[in-house]
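What follows is a short report on a single structure.
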Protein chains: 2
Amino acid sequence: MLVLLSGGTGGVKLLSGLKEVYQEEKLAVIVNTADDKWLPHGYFSPDIDSVLYALAGLIDEDRWYGLRGDTYNTHEMLRILGYDEFLNIGDKDRAIHIYRGEMLKEMKLCGIVERLRKVFKIKVKVFPMSNDKVTTMILTPRGMMDIQEFLVKNRAELEVLDVYFDGIEKARACSHALDSIKKADGIIIGPSNPITSILPILSIKEIGREIKRKMDKCVAVSPLIRGKAVSGPAEKFLRAKGYTPTIESLIEIYGGYISKLVVDEKEEVETREIEIYKTKILMKTQRDRETLAKFLLELLGV
Amino acid sequence: MLVLLSGGTGGVKLLSGLKEVYQEEKLAVIVNTADDKWLPHGYFSPDIDSVLYALAGLIDEDRWYGLRGDTYNTHEMLRILGYDEFLNIGDKDRAIHIYRGEMLKEMKLCGIVERLRKVFKIKVKVFPMSNDKVTTMILTPRGMMDIQEFLVKNRAELEVLDVYFDGIEKARACSHALDSIKKADGIIIGPSNPITSILPILSIKEIGREIKRKMDKCVAVSPLIRGKAVSGPAEKFLRAKGYTPTIESLIEIYGGYISKLVVDEKEEVETREIEIYKTKILMKTQRDRETLAKFLLELLGV
């Protein structure tokens, strides 16, 4: 069993490579759910949907979220009505939110993800980090807001003073996620945002504890290239938590969880704390994604 | 001021005629809201939306509900997910439900209808019968269900044992609706379903009382042609309430509310209770709708 911890874009791109070069049945993804949110029409789980759409081969590869070729007729009509829903939600994508919101009345999130996985004929296992509600809250000079309000409504333009994971203390791990870590021959922390995508997963106590036990089998992929995030506002979140956007910070954040860190080939790092491996981590093409995936498999010996 | 009481199809068709032959600014529609329902994605007000879409010139004239040329991408995706929402909801139509559901958190239904009326640049006034929730419940051999479950989920196939308007006792009239009746020079009860579209409106105590006061100015249009409803299962509902599908039953139901009844030209009725007028009531073309509308205006002397 190979386990990937994933948030949005970076982790999802790597997953698109991994599923082609590893046995899909033996691959499991544990997905951040701290970006999840009730919207007027249903329940939004952006990272889970990106993972599912990528595994189903349906993701919009221009944006790495949403469904390829989706229409926006409801969204446009809402705009005409004077209601800007901020998130650019496609019509088919919206059906997933409606379905999940309705199903949550009778089953847990992991059960719903399992149903979606079957509808989309996905062989890779997909587990939400938790069935309990965790919400990433961003403290800005304009007050506290959830991460969607920060990223989309305010276009990530505000200063970030701090980041909290509301509900994290009480959140239990999804039991299947925990089992997959226990059975894992290798664990990959994907190149998603360390603070808002990966840290929520590691902060679920049972998950964090189990990964620490297996740190010798755990490798992280840097989301940074020479101090810059490949996508998204990772730097702002790092700085808000007192880190600089450097490999040294990643080593500090992932300290105790990983024994290996894969960084960009041009990165200069000196450390004795963990093993550093250099390769091309920018994934522009499917070939890049598969090459990085193979590199990781070799590194883990799986 | 001319006031029309309307439910779905029949009333909406007549309205499409009236708005062309009368001053739109002096026309008001009081709409049945007992078919309204919370759906997973928002708040469904079928009769209000049909009235608004017809007045905006956007209604799908093949079905007399929904928006012309709408797409069904969310609906189709929900079906693929194994969730049949029964109602065939278009993508733009769904936006109206989402908007209304969201707006109900901060304002009353009449305020939302007023906003939609402005968005659609509608000059005719549109008032829900009430801002309070009234729900038409159908008692069948398979138990009690709301009217949407009966009509759509069960395709109106079950026997109807009785019809109730849940919440009607406590429902207050929308004050603008009441004012429009007080100011009315003429009142038209549209050819909508007498039991499930018109009776809920008349059963709002303040509305019923006010219309009774003005019965000399009130005309109803029959929805029946020789014992058959022009559309929908009106006969089942009539029989469940102990009526036959006849003009005599309409006279009984509308007794005390109207002084005039317009029936199909081929109808044979003998009564001294109210004035009976015969004309072509089947509205297949816009010309039919305008001709009937003119007939009513003459009758009312407005």
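Residues in the structure tokens are named by chain (A, B, ... in the order shown) and by number from 1 within that chain; ligands are numbered from 1 in the order shown.
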* **chain B contacts on chain A, only C-alpha atoms, 8 Å, as a list in words** => Pro40, His41, Gly42, Thr71, Asn73, Thr74, His75, Met77, Leu78, Ile80, Leu81, Tyr83, Asp91, Lys92, Asp93, Arg94, Ala95, Ile96, Ile98, Tyr99, Gly101, Glu102, Leu116 and Val119 of chain A
How about saving the chosen residues, C-alpha atoms kept, as a PDB file, in the first residue's frame?
```
ATOM      1  CA  PRO A  40     -26.301  27.689  -0.070  1.00  0.00           C
ATOM      2  CA  HIS A  41     -26.898  24.788  -2.462  1.00  0.00           C
ATOM      3  CA  GLY A  42     -24.868  22.025  -0.840  1.00  0.00           C
ATOM      4  CA  THR A  71     -21.096  24.743 -18.156  1.00  0.00           C
ATOM      5  CA  ASN A  73     -25.481  28.374 -16.445  1.00  0.00           C
ATOM      6  CA  THR A  74     -26.630  28.405 -12.816  1.00  0.00           C
ATOM      7  CA  HIS A  75     -23.625  30.493 -11.797  1.00  0.00           C
ATOM      8  CA  MET A  77     -28.014  33.240 -13.664  1.00  0.00           C
ATOM      9  CA  LEU A  78     -27.137  33.834 -10.010  1.00  0.00           C
ATOM     10  CA  ILE A  80     -27.775  38.156 -13.161  1.00  0.00           C
ATOM     11  CA  LEU A  81     -29.939  37.962 -10.017  1.00  0.00           C
ATOM     12  CA  TYR A  83     -26.004  37.136  -6.162  1.00  0.00           C
ATOM     13  CA  ASP A  91     -23.310  22.974 -13.372  1.00  0.00           C
ATOM     14  CA  LYS A  92     -22.084  19.372 -13.121  1.00  0.00           C
ATOM     15  CA  ASP A  93     -19.711  20.257 -10.302  1.00  0.00           C
ATOM     16  CA  ARG A  94     -22.659  21.790  -8.436  1.00  0.00           C
ATOM     17  CA  ALA A  95     -24.518  18.468  -8.676  1.00  0.00           C
ATOM     18  CA  ILE A  96     -21.715  16.886  -6.609  1.00  0.00           C
ATOM     19  CA  ILE A  98     -25.969  19.063  -3.873  1.00  0.00           C
ATOM     20  CA  TYR A  99     -25.575  15.279  -3.702  1.00  0.00           C
ATOM     21  CA  GLY A 101     -25.104  17.926   1.120  1.00  0.00           C
ATOM     22  CA  GLU A 102     -28.164  15.720   0.805  1.00  0.00           C
ATOM     23  CA  LEU A 116     -18.618   8.909  -5.691  1.00  0.00           C
ATOM     24  CA  VAL A 119     -19.806   6.197  -9.704  1.00  0.00           C
TER      25      VAL A 119
END
```
Item to check | 12 Å contact set for Ala240 in chain B, only C-alpha atoms, chain neighbours under 6 positions out, as a PyMOL selection string | outcome: chain B and resi 138-140+158-164+195-196+233-234
Fill in: Long-range neighbours of Ser180 in chain B as an MDAnalysis selection string, 9 Å cut-off, only C-alpha atoms, 2 positions minimum in chain
chainID B and resid 1:3 28:30 175:178 182:184
Expected file contents, prior selection, C-alpha atoms, as a PDB file, in the first residue's frame:
```pdb
ATOM      1  CA  MET B   1     -56.394  47.929 -10.406  1.00  0.00           C
ATOM      2  CA  LEU B   2     -57.220  44.498 -11.808  1.00  0.00           C
ATOM      3  CA  VAL B   3     -56.331  41.455  -9.690  1.00  0.00           C
ATOM      4  CA  ALA B  28     -51.627  42.532  -9.966  1.00  0.00           C
ATOM      5  CA  VAL B  29     -51.309  38.749  -9.594  1.00  0.00           C
ATOM      6  CA  ILE B  30     -51.813  37.003  -6.264  1.00  0.00           C
ATOM      7  CA  SER B 175     -50.197  42.801   2.973  1.00  0.00           C
ATOM      8  CA  HIS B 176     -49.588  44.015  -0.599  1.00  0.00           C
ATOM      9  CA  ALA B 177     -51.835  41.236  -1.901  1.00  0.00           C
ATOM     10  CA  LEU B 178     -54.558  42.327   0.481  1.00  0.00           C
ATOM     11  CA  LYS B 182     -59.058  46.368  -1.581  1.00  0.00           C
ATOM     12  CA  LYS B 183     -58.169  48.678  -4.481  1.00  0.00           C
ATOM     13  CA  ALA B 184     -59.403  46.280  -7.183  1.00  0.00           C
TER      14      ALA B 184
END
```
When you look at range 50-61 of chain A with a cut-off of 7 Å (counting only C-alpha atoms), what residues show up, excluding the ones that are within fewer than 3 positions of it in the same chain? I need them as a count of residues only. 13
Item to complete: May I have the residues within 9 Å of Leu27 in chain B as a list in words, using only C-alpha atoms and disregarding those fewer than 4 positions away in the same chain?
Response: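 Counting only C-alpha atoms, the residues come to Met1, Leu2, Val3, Leu4, Leu18, Lys19, Tyr22, Gln23, Lys123, Val124, Lys125 and Val126 of chain B.
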Please produce a file of those selected residues containing all heavy atoms, as an mmCIF file, in the first residue's frame.
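Generated output (out-v3.cif):
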```
data_model
loop_
_atom_site.group_PDB
_atom_site.id
_atom_site.type_symbol
_atom_site.label_atom_id
_atom_site.label_comp_id
_atom_site.auth_asym_id
_atom_site.auth_seq_id
_atom_site.Cartn_x
_atom_site.Cartn_y
_atom_site.Cartn_z
ATOM 1 N N MET B 1 -57.173 49.140 -10.700
ATOM 2 C CA MET B 1 -56.394 47.929 -10.406
ATOM 3 C C MET B 1 -57.215 46.691 -10.728
ATOM 4 O O MET B 1 -58.368 46.576 -10.319
ATOM 5 C CB MET B 1 -56.009 47.950 -8.905
ATOM 6 C CG MET B 1 -55.276 46.723 -8.419
ATOM 7 S SD MET B 1 -53.548 46.642 -8.980
ATOM 8 C CE MET B 1 -52.797 47.942 -8.009
ATOM 9 N N LEU B 2 -56.602 45.785 -11.491
ATOM 10 C CA LEU B 2 -57.220 44.498 -11.808
ATOM 11 C C LEU B 2 -56.378 43.409 -11.150
ATOM 12 O O LEU B 2 -55.157 43.425 -11.260
ATOM 13 C CB LEU B 2 -57.260 44.298 -13.328
ATOM 14 C CG LEU B 2 -57.879 42.997 -13.853
ATOM 15 C CD1 LEU B 2 -59.358 42.898 -13.495
ATOM 16 C CD2 LEU B 2 -57.712 42.908 -15.369
ATOM 17 N N VAL B 3 -57.056 42.494 -10.435
ATOM 18 C CA VAL B 3 -56.331 41.455 -9.690
ATOM 19 C C VAL B 3 -56.660 40.073 -10.255
ATOM 20 O O VAL B 3 -57.830 39.753 -10.471
ATOM 21 C CB VAL B 3 -56.698 41.512 -8.187
ATOM 22 C CG1 VAL B 3 -56.122 40.305 -7.453
ATOM 23 C CG2 VAL B 3 -56.205 42.802 -7.563
ATOM 24 N N LEU B 4 -55.604 39.278 -10.479
ATOM 25 C CA LEU B 4 -55.785 37.890 -10.916
ATOM 26 C C LEU B 4 -55.290 36.966 -9.808
ATOM 27 O O LEU B 4 -54.197 37.159 -9.283
ATOM 28 C CB LEU B 4 -54.966 37.634 -12.195
ATOM 29 C CG LEU B 4 -54.860 36.175 -12.664
ATOM 30 C CD1 LEU B 4 -56.199 35.672 -13.222
ATOM 31 C CD2 LEU B 4 -53.757 35.999 -13.713
ATOM 32 N N LEU B 18 -53.705 38.590 -20.573
ATOM 33 C CA LEU B 18 -54.089 39.834 -19.864
ATOM 34 C C LEU B 18 -53.031 40.924 -19.987
ATOM 35 O O LEU B 18 -53.349 42.099 -20.193
ATOM 36 C CB LEU B 18 -54.319 39.529 -18.379
ATOM 37 C CG LEU B 18 -55.718 39.036 -17.975
ATOM 38 C CD1 LEU B 18 -55.708 38.580 -16.514
ATOM 39 C CD2 LEU B 18 -56.780 40.123 -18.195
ATOM 40 N N LYS B 19 -51.773 40.531 -19.831
ATOM 41 C CA LYS B 19 -50.714 41.553 -19.809
ATOM 42 C C LYS B 19 -50.593 42.272 -21.157
ATOM 43 O O LYS B 19 -50.035 43.369 -21.225
ATOM 44 C CB LYS B 19 -49.382 40.969 -19.359
ATOM 45 C CG LYS B 19 -48.548 40.298 -20.432
ATOM 46 C CD LYS B 19 -47.231 39.827 -19.846
ATOM 47 C CE LYS B 19 -46.422 39.028 -20.839
ATOM 48 N NZ LYS B 19 -45.639 39.844 -21.761
ATOM 49 N N TYR B 22 -54.212 44.733 -21.214
ATOM 50 C CA TYR B 22 -54.527 45.616 -20.092
ATOM 51 C C TYR B 22 -53.256 46.372 -19.723
ATOM 52 O O TYR B 22 -52.151 45.941 -20.053
ATOM 53 C CB TYR B 22 -55.042 44.780 -18.908
ATOM 54 C CG TYR B 22 -55.736 45.588 -17.837
ATOM 55 C CD1 TYR B 22 -57.022 46.089 -18.036
ATOM 56 C CD2 TYR B 22 -55.104 45.850 -16.623
ATOM 57 C CE1 TYR B 22 -57.659 46.837 -17.054
ATOM 58 C CE2 TYR B 22 -55.737 46.590 -15.631
ATOM 59 C CZ TYR B 22 -57.012 47.085 -15.862
ATOM 60 O OH TYR B 22 -57.632 47.822 -14.883
ATOM 61 N N GLN B 23 -53.405 47.498 -19.002
ATOM 62 C CA GLN B 23 -52.213 48.246 -18.589
ATOM 63 C C GLN B 23 -51.444 47.421 -17.562
ATOM 64 O O GLN B 23 -51.956 47.140 -16.476
ATOM 65 C CB GLN B 23 -52.620 49.568 -17.937
ATOM 66 C CG GLN B 23 -53.285 50.545 -18.874
ATOM 67 C CD GLN B 23 -54.167 51.499 -18.090
ATOM 68 O OE1 GLN B 23 -55.342 51.205 -17.846
ATOM 69 N NE2 GLN B 23 -53.596 52.613 -17.697
ATOM 70 N N LYS B 123 -43.468 44.700 -15.184
ATOM 71 C CA LYS B 123 -44.275 45.845 -14.737
ATOM 72 C C LYS B 123 -45.494 45.409 -13.932
ATOM 73 O O LYS B 123 -45.958 46.128 -13.055
ATOM 74 C CB LYS B 123 -44.717 46.654 -15.962
ATOM 75 C CG LYS B 123 -43.566 47.389 -16.639
ATOM 76 C CD LYS B 123 -44.050 48.134 -17.867
ATOM 77 C CE LYS B 123 -42.869 48.636 -18.693
ATOM 78 N NZ LYS B 123 -43.264 48.874 -20.090
ATOM 79 N N VAL B 124 -46.043 44.247 -14.282
ATOM 80 C CA VAL B 124 -47.195 43.713 -13.540
ATOM 81 C C VAL B 124 -46.747 43.411 -12.107
ATOM 82 O O VAL B 124 -45.636 42.934 -11.890
ATOM 83 C CB VAL B 124 -47.720 42.420 -14.221
ATOM 84 C CG1 VAL B 124 -48.801 41.754 -13.388
ATOM 85 C CG2 VAL B 124 -48.219 42.729 -15.629
ATOM 86 N N LYS B 125 -47.617 43.706 -11.134
ATOM 87 C CA LYS B 125 -47.274 43.411 -9.736
ATOM 88 C C LYS B 125 -47.530 41.941 -9.434
ATOM 89 O O LYS B 125 -48.504 41.366 -9.891
ATOM 90 C CB LYS B 125 -48.081 44.304 -8.810
ATOM 91 C CG LYS B 125 -47.639 45.756 -8.915
ATOM 92 C CD LYS B 125 -48.433 46.689 -8.060
ATOM 93 C CE LYS B 125 -47.907 48.109 -8.256
ATOM 94 N NZ LYS B 125 -47.990 48.561 -9.686
ATOM 95 N N VAL B 126 -46.607 41.340 -8.688
ATOM 96 C CA VAL B 126 -46.731 39.916 -8.352
ATOM 97 C C VAL B 126 -46.583 39.764 -6.840
ATOM 98 O O VAL B 126 -45.581 40.191 -6.265
ATOM 99 C CB VAL B 126 -45.643 39.078 -9.064
ATOM 100 C CG1 VAL B 126 -45.810 37.596 -8.732
ATOM 101 C CG2 VAL B 126 -45.679 39.294 -10.574
#
```
Quiz item: How would you write, as a PyMOL selection string, the set of residues in range 169-241 of chain A that DSSP gives as helix (DSSP H, G or I)?
Solution: chain A and resi 175-183+194-203+205-213+215-217+234-240
| Given the choices A:Phe150, A:Met129, A:Glu157, A:Lys228, which gets closest to Gly208 in chain A if the distance is worked out from only C-alpha atoms? |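 Closest candidate: A:Met129.
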Have a look at CA of Ile211 in chain B and CA of Cys174 in chain B and let me know their distance in Å, one decimal.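 Here the two named atoms are 14.3 Å from each other.
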ask   = Of the candidates B:Val152, B:Ala293, B:Leu202, B:Ile189, which one gets nearest to Ile89 in chain B if we count only C-alpha atoms?
value =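 Under the stated criterion, the closest residue is B:Val152.
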